[in-house]
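Pasting data.cif here (mmCIF, C-alpha atoms):
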```
data_model
#
loop_
_atom_site.label_atom_id
_atom_site.label_comp_id
_atom_site.auth_asym_id
_atom_site.auth_seq_id
_atom_site.Cartn_x
_atom_site.Cartn_y
_atom_site.Cartn_z
CA MET A 1 -24.33 78.11 -30.00
CA SER A 2 -25.82 81.49 -29.12
CA ALA A 3 -28.15 81.87 -26.17
CA ILE A 4 -31.57 80.29 -26.69
CA PRO A 5 -34.30 82.94 -26.23
CA ILE A 6 -36.66 82.59 -23.28
CA ARG A 7 -40.08 84.16 -23.92
CA LYS A 8 -42.28 85.50 -21.14
CA GLY A 9 -45.48 87.44 -20.49
CA ARG A 10 -46.94 89.27 -23.47
CA GLN A 11 -44.35 87.72 -25.75
CA LEU A 12 -46.09 84.39 -25.19
CA ASP A 13 -49.46 85.96 -25.97
CA TYR A 14 -48.08 87.19 -29.30
CA MET A 15 -46.61 83.78 -30.08
CA ARG A 16 -49.84 82.00 -29.22
CA ARG A 17 -51.74 84.26 -31.61
CA ALA A 18 -49.16 83.79 -34.37
CA GLY A 19 -49.30 80.04 -33.90
CA GLU A 20 -53.09 80.00 -33.95
CA ILE A 21 -53.20 81.93 -37.23
CA ALA A 22 -50.46 79.82 -38.81
CA ALA A 23 -52.42 76.67 -37.98
CA GLU A 24 -55.63 78.14 -39.37
CA VAL A 25 -53.97 79.18 -42.63
CA LEU A 26 -52.33 75.77 -42.97
CA GLN A 27 -55.61 73.92 -42.54
CA LEU A 28 -57.45 76.22 -44.97
CA THR A 29 -54.66 75.76 -47.51
CA ALA A 30 -54.80 71.99 -47.11
CA LYS A 31 -58.42 72.09 -48.25
CA GLU A 32 -57.26 73.57 -51.56
CA ILE A 33 -55.29 70.41 -52.36
CA ARG A 34 -57.15 68.36 -54.98
CA PRO A 35 -56.50 66.82 -58.40
CA GLY A 36 -56.22 69.33 -61.25
CA VAL A 37 -55.08 72.26 -59.11
CA THR A 38 -51.60 73.66 -59.66
CA THR A 39 -49.16 74.26 -56.84
CA GLY A 40 -49.11 77.92 -57.87
CA GLU A 41 -52.87 78.16 -57.33
CA VAL A 42 -52.43 76.70 -53.85
CA ASP A 43 -49.75 79.30 -53.11
CA ASP A 44 -52.10 82.06 -54.31
CA ALA A 45 -54.89 80.79 -52.05
CA ALA A 46 -52.53 80.71 -49.07
CA ALA A 47 -51.42 84.27 -49.81
CA GLN A 48 -55.05 85.38 -49.68
CA PHE A 49 -55.70 83.56 -46.40
CA ILE A 50 -52.60 85.19 -44.88
CA ALA A 51 -53.58 88.69 -46.04
CA GLU A 52 -57.15 88.31 -44.80
CA ARG A 53 -55.79 87.76 -41.30
CA GLY A 54 -53.64 90.86 -41.32
CA CYS A 55 -50.41 88.90 -41.57
CA VAL A 56 -47.53 88.55 -43.98
CA SER A 57 -45.73 85.43 -45.13
CA ALA A 58 -42.62 84.61 -43.12
CA PHE A 59 -41.19 82.92 -46.22
CA LEU A 60 -41.80 85.34 -49.08
CA GLY A 61 -38.49 87.09 -49.81
CA TYR A 62 -36.65 85.21 -47.03
CA ARG A 63 -33.16 84.84 -48.49
CA GLY A 64 -34.85 85.40 -51.85
CA PHE A 65 -37.51 82.69 -51.55
CA PRO A 66 -40.20 83.47 -54.16
CA GLY A 67 -43.28 81.76 -52.65
CA HIS A 68 -45.77 82.62 -49.92
CA ILE A 69 -45.61 79.04 -48.65
CA CYS A 70 -43.44 76.01 -49.32
CA ILE A 71 -45.31 73.36 -51.31
CA SER A 72 -43.48 70.12 -52.10
CA MET A 73 -44.79 66.97 -53.77
CA ASN A 74 -44.02 63.27 -53.52
CA GLU A 75 -40.21 62.88 -53.70
CA GLU A 76 -39.73 66.57 -52.85
CA VAL A 77 -38.86 66.92 -49.18
CA VAL A 78 -39.16 70.65 -48.36
CA HIS A 79 -38.81 74.18 -49.80
CA GLY A 80 -40.82 73.53 -52.97
CA ILE A 81 -42.02 76.59 -54.88
CA GLY A 82 -45.59 76.92 -56.15
CA GLY A 83 -45.83 76.93 -59.94
CA GLU A 84 -47.35 75.12 -62.90
CA ARG A 85 -47.07 71.56 -61.56
CA VAL A 86 -50.53 69.98 -61.47
CA ILE A 87 -51.58 67.96 -58.44
CA GLN A 88 -52.67 64.42 -59.32
CA TYR A 89 -54.65 61.69 -57.61
CA GLN A 90 -52.50 59.73 -55.10
CA ASP A 91 -49.87 62.47 -54.84
CA ILE A 92 -48.76 63.52 -51.37
CA VAL A 93 -48.36 67.26 -50.95
CA LYS A 94 -46.31 68.90 -48.23
CA ILE A 95 -47.46 72.37 -47.18
CA ASP A 96 -45.27 74.52 -44.92
CA VAL A 97 -46.87 77.78 -43.71
CA GLY A 98 -45.03 80.50 -41.81
CA ILE A 99 -46.71 83.81 -40.97
CA VAL A 100 -45.71 86.99 -39.18
CA LYS A 101 -48.32 88.63 -36.95
CA ASP A 102 -47.41 91.76 -34.97
CA GLY A 103 -43.73 90.95 -35.45
CA TRP A 104 -43.95 87.34 -34.21
CA VAL A 105 -43.69 84.14 -36.26
CA GLY A 106 -45.89 81.05 -36.37
CA ASP A 107 -44.55 78.09 -38.36
CA ASN A 108 -46.12 74.70 -39.12
CA ALA A 109 -46.38 72.06 -41.80
CA LEU A 110 -48.24 68.91 -42.77
CA THR A 111 -48.42 66.34 -45.54
CA VAL A 112 -51.72 66.02 -47.40
CA PRO A 113 -52.62 62.80 -49.25
CA VAL A 114 -54.62 63.33 -52.45
CA GLY A 115 -57.26 60.63 -52.46
CA SER A 116 -56.55 57.17 -51.14
CA MET A 117 -53.10 56.10 -49.99
CA SER A 118 -51.25 52.86 -50.48
CA PRO A 119 -50.48 51.04 -47.21
CA GLU A 120 -46.81 52.04 -47.52
CA THR A 121 -47.65 55.72 -48.00
CA GLU A 122 -50.06 55.58 -45.08
CA ARG A 123 -47.31 54.13 -42.88
CA LEU A 124 -44.89 56.84 -43.99
CA LEU A 125 -47.28 59.66 -43.10
CA TYR A 126 -48.26 58.01 -39.85
CA ALA A 127 -44.67 57.37 -38.82
CA THR A 128 -43.67 60.96 -39.57
CA GLU A 129 -46.55 62.41 -37.57
CA GLU A 130 -45.88 59.89 -34.80
CA SER A 131 -42.22 60.95 -34.66
CA LEU A 132 -43.32 64.59 -34.32
CA GLN A 133 -45.49 63.61 -31.37
CA ALA A 134 -42.62 61.61 -29.86
CA ALA A 135 -40.46 64.74 -29.97
CA ILE A 136 -43.22 66.91 -28.51
CA ASP A 137 -43.52 64.45 -25.63
CA GLN A 138 -39.85 65.20 -24.84
CA ALA A 139 -40.32 68.99 -25.04
CA ARG A 140 -40.19 69.53 -21.29
CA ASP A 141 -38.29 71.73 -18.90
CA GLY A 142 -34.98 70.08 -17.93
CA VAL A 143 -34.86 67.56 -20.78
CA ARG A 144 -31.78 67.76 -22.97
CA LEU A 145 -32.35 68.88 -26.54
CA ALA A 146 -30.42 65.79 -27.64
CA GLN A 147 -33.07 63.54 -26.12
CA LEU A 148 -35.85 65.32 -28.01
CA CYS A 149 -33.97 65.11 -31.31
CA ALA A 150 -33.03 61.45 -30.89
CA SER A 151 -36.66 60.52 -30.24
CA VAL A 152 -37.56 61.37 -33.86
CA GLU A 153 -35.05 58.98 -35.40
CA LYS A 154 -35.83 56.28 -32.85
CA CYS A 155 -39.50 56.41 -33.82
CA THR A 156 -38.94 56.40 -37.58
CA ASP A 157 -36.38 53.59 -37.30
CA GLU A 158 -39.11 51.42 -35.79
CA TYR A 159 -41.12 51.84 -38.99
CA GLY A 160 -38.18 51.20 -41.29
CA PHE A 161 -37.90 54.79 -42.56
CA THR A 162 -35.04 57.30 -42.51
CA VAL A 163 -34.77 60.90 -41.31
CA VAL A 164 -33.31 63.74 -43.35
CA LYS A 165 -30.18 65.04 -41.63
CA GLU A 166 -29.16 68.00 -43.80
CA PHE A 167 -32.23 70.06 -42.85
CA VAL A 168 -33.45 70.65 -39.31
CA GLY A 169 -36.01 72.32 -37.09
CA HIS A 170 -35.20 75.48 -35.19
CA GLY A 171 -36.10 77.97 -32.53
CA VAL A 172 -38.73 80.50 -33.57
CA GLY A 173 -39.98 83.82 -32.22
CA LYS A 174 -39.26 87.32 -33.50
CA ASN A 175 -37.32 85.64 -36.30
CA LEU A 176 -38.16 82.62 -38.45
CA HIS A 177 -34.93 80.86 -37.54
CA GLU A 178 -33.51 81.27 -34.04
CA GLU A 179 -31.41 79.16 -31.73
CA PRO A 180 -31.32 76.27 -31.24
CA GLN A 181 -31.12 74.08 -34.29
CA VAL A 182 -33.41 71.06 -33.79
CA PRO A 183 -32.13 68.09 -35.81
CA ASN A 184 -34.23 64.95 -36.23
CA HIS A 185 -31.39 62.77 -34.99
CA TRP A 186 -28.56 62.90 -32.45
CA ASP A 187 -25.22 61.16 -32.11
CA LYS A 188 -25.61 58.59 -29.35
CA SER A 189 -22.14 59.40 -28.02
CA SER A 190 -23.32 62.96 -27.30
CA MET A 191 -26.61 62.12 -25.61
CA GLY A 192 -25.53 63.46 -22.22
CA LYS A 193 -24.31 66.74 -23.67
CA GLY A 194 -25.79 69.89 -25.15
CA PRO A 195 -28.37 72.35 -23.83
CA ARG A 196 -31.29 71.55 -21.60
CA LEU A 197 -34.72 72.81 -22.49
CA ARG A 198 -36.15 75.53 -20.27
CA ALA A 199 -39.64 76.93 -19.80
CA GLY A 200 -40.18 79.77 -22.26
CA MET A 201 -38.17 78.28 -25.10
CA ILE A 202 -40.13 77.89 -28.35
CA LEU A 203 -39.16 75.29 -30.94
CA ALA A 204 -40.31 74.56 -34.47
CA ILE A 205 -40.03 70.77 -34.48
CA GLU A 206 -40.25 69.33 -37.99
CA PRO A 207 -39.47 65.72 -38.87
CA MET A 208 -38.67 65.14 -42.54
CA VAL A 209 -38.85 61.40 -43.19
CA ASN A 210 -38.01 59.41 -46.32
CA ALA A 211 -39.39 56.07 -47.44
CA GLY A 212 -35.99 55.24 -48.93
CA GLY A 213 -32.50 56.48 -48.13
CA ALA A 214 -31.67 59.57 -46.10
CA ALA A 215 -29.70 61.37 -48.83
CA VAL A 216 -31.23 64.46 -50.44
CA ARG A 217 -30.24 67.00 -53.07
CA VAL A 218 -31.19 70.59 -53.92
CA LEU A 219 -32.64 71.14 -57.39
CA GLU A 220 -31.63 73.76 -59.96
CA ASP A 221 -34.06 76.33 -58.55
CA GLN A 222 -31.69 76.42 -55.54
CA TRP A 223 -34.59 75.80 -53.15
CA THR A 224 -36.50 72.58 -53.72
CA VAL A 225 -35.04 69.61 -51.85
CA GLU A 226 -35.78 66.10 -53.10
CA THR A 227 -34.75 62.60 -52.06
CA ALA A 228 -31.62 61.43 -53.90
CA ASP A 229 -33.27 58.09 -54.71
CA ARG A 230 -36.60 59.80 -55.56
CA SER A 231 -38.44 57.89 -52.85
CA LEU A 232 -41.45 59.47 -51.17
CA SER A 233 -40.88 61.89 -48.31
CA ALA A 234 -43.22 63.26 -45.62
CA HIS A 235 -42.99 66.38 -43.46
CA PHE A 236 -44.92 67.51 -40.37
CA GLU A 237 -44.16 70.48 -38.12
CA HIS A 238 -45.48 72.21 -35.00
CA THR A 239 -44.39 75.28 -33.08
CA VAL A 240 -44.08 74.14 -29.46
CA LEU A 241 -43.67 76.10 -26.22
CA ILE A 242 -41.69 74.56 -23.38
CA THR A 243 -43.51 75.17 -20.09
CA GLU A 244 -42.97 74.13 -16.49
CA ASP A 245 -45.55 71.39 -17.11
CA GLU A 246 -46.93 69.86 -20.33
CA PRO A 247 -45.56 71.14 -23.67
CA GLU A 248 -47.94 73.60 -25.36
CA ILE A 249 -48.49 73.15 -29.09
CA LEU A 250 -48.97 76.69 -30.39
CA THR A 251 -50.03 75.43 -33.84
CA PHE A 252 -52.42 72.75 -32.60
CA ARG A 253 -54.53 70.82 -35.12
CA GLU A 254 -56.09 67.38 -35.28
CA ARG A 255 -53.84 64.64 -36.60
CA MET A 256 -54.00 63.98 -40.34
CA VAL A 257 -53.51 60.20 -40.12
CA PRO A 258 -55.27 59.13 -36.90
CA ASN A 259 -55.27 55.37 -37.50
CA LEU A 260 -52.69 52.94 -38.79
CA THR A 261 -53.51 49.57 -40.29
CA ALA A 262 -50.05 48.09 -39.62
CA SER A 263 -47.84 48.01 -36.54
CA PRO A 264 -44.25 49.31 -36.56
CA ALA A 265 -42.95 45.74 -36.67
CA SER A 266 -44.93 44.84 -39.79
CA ALA A 267 -44.11 48.17 -41.41
CA ALA A 268 -40.40 47.43 -41.24
CA GLN A 269 -40.71 44.01 -42.86
#
```
Rewrite the coordinates I just gave you, this time as C-alpha cells.
Amino acid sequence: MSAIPIRKGRQLDYMRRAGEIAAEVLQLTAKEIRPGVTTGEVDDAAAQFIAERGCVSAFLGYRGFPGHICISMNEEVVHGIGGERVIQYQDIVKIDVGIVKDGWVGDNALTVPVGSMSPETERLLYATEESLQAAIDQARDGVRLAQLCASVEKCTDEYGFTVVKEFVGHGVGKNLHEEPQVPNHWDKSSMGKGPRLRAGMILAIEPMVNAGGAAVRVLEDQWTVETADRSLSAHFEHTVLITEDEPEILTFRERMVPNLTASPASAAQ
C-alpha cells in the first residue's frame, strides 16, 4: 500500500468546499427522481447542477465512463449509466455524485426510494445507511482501518443483509481514487493489522449492501454492476475527514431513512 495522504491547512478548505458542493448536487439530483423520468434525464439534470456551480464531473471520462453521475436501479449495485430506462413507482434509485472543484474532489451517494417502500426495502435502506454511520463512528485518529471496515459488515449482518466485497470505498482528495482502499468487510484474523487512521486522512466510505447474496456481476456495458441473484441493493456514501476529535462529514446531509419500523432482530427473521 502506498502512503495515505494527510491533508492540512488550505487543502482542507478546498476539500470542505468540494464536499459541500457534491452534497448539494446530490440532493438536488435526488429531487429529480420520480416516476416517468428516464435515468438519462436525471444525468442531464445533474450535469446542469454541476456546471452551474463551476465544477466538472469527477466521473465523466474517468477510465472511459460515459455519464456525469452513476445512476443505478433496484438490482443494480453501482456504476449504472444514465439512459433510456424509465423510473417506475417503487423503484429504488442509487445516485453517486462526484465533482471536481478547484482541483479537489467531493464524492457521495445515496439511495432514493420512489414512492412508498415495502418493509423489507425500508430495512435494506435503513441498514445500509446505519452501516455507513457505524463506519463513520470509527473514523477517528488512532483507530485501525480494519476496525472501520469491519463495522460495516457487523452492522449489516445484524439485519440479515450482505455486503458487496468486490467493490470498495477509497481515499479521496486531488484524485477520485487514492489510498487507502476502504472495503466494507475485514478478515477477522487480520483485525490487529493494517494502517491506523490519522488526522488529515480523507476517506470516501461507501457501503454497498444486498438484500440477497453478496455475489455481483458486471453487465455488457462493462460498467453497471448488478447482484448475481438480482436481489435489491442499496448504496450510501460520504466523504469523511479524520480529525483529532470527532470525524467531520464533508458531504453532510440529513438521513434519507430516519426511522425504522422493525428492529435488527426482527429484520433478520
- Give me the residues within 12 Å of Glu244 (chain A) as a PyMOL selection string, counting all atoms listed in the file and dropping any in the same chain fewer than 3 places off. chain A and resi 139-143+197-201+241+247-248
- Item | One-decimal distance in Å that lies between CA of Ile92 (chain A) and CA of Lys165 (chain A) |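 Separating CA of Lys165 (chain A) from CA of Ile92 (chain A) is a distance of 21.0 Å.
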- Item | Expected selection from the PyMOL selection byres ((chain A and resi 178-188) around 9), given as a PyMOL selection string | chain A and resi 1-5+135+145-154+163-177+189-192+195+203-208
- Query: With only C-alpha atoms as the basis for distance, which of A:Val77, A:Val114, A:Ile69, A:Leu125 is at the shortest distance from Ser231 (chain A)?
  - Reply: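 When distances to Ser231 (chain A) are compared using only C-alpha atoms, the smallest one comes from A:Val77.
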- Task: Choose the residue, out of A:Gln138, A:Thr227, A:Gln11, A:Thr39, that has the smallest atom-to-atom separation from Val78 (chain A); count all atoms listed in the file.
- Result: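 Checking each candidate against Val78 (chain A), we get A:Thr227 as the closest.
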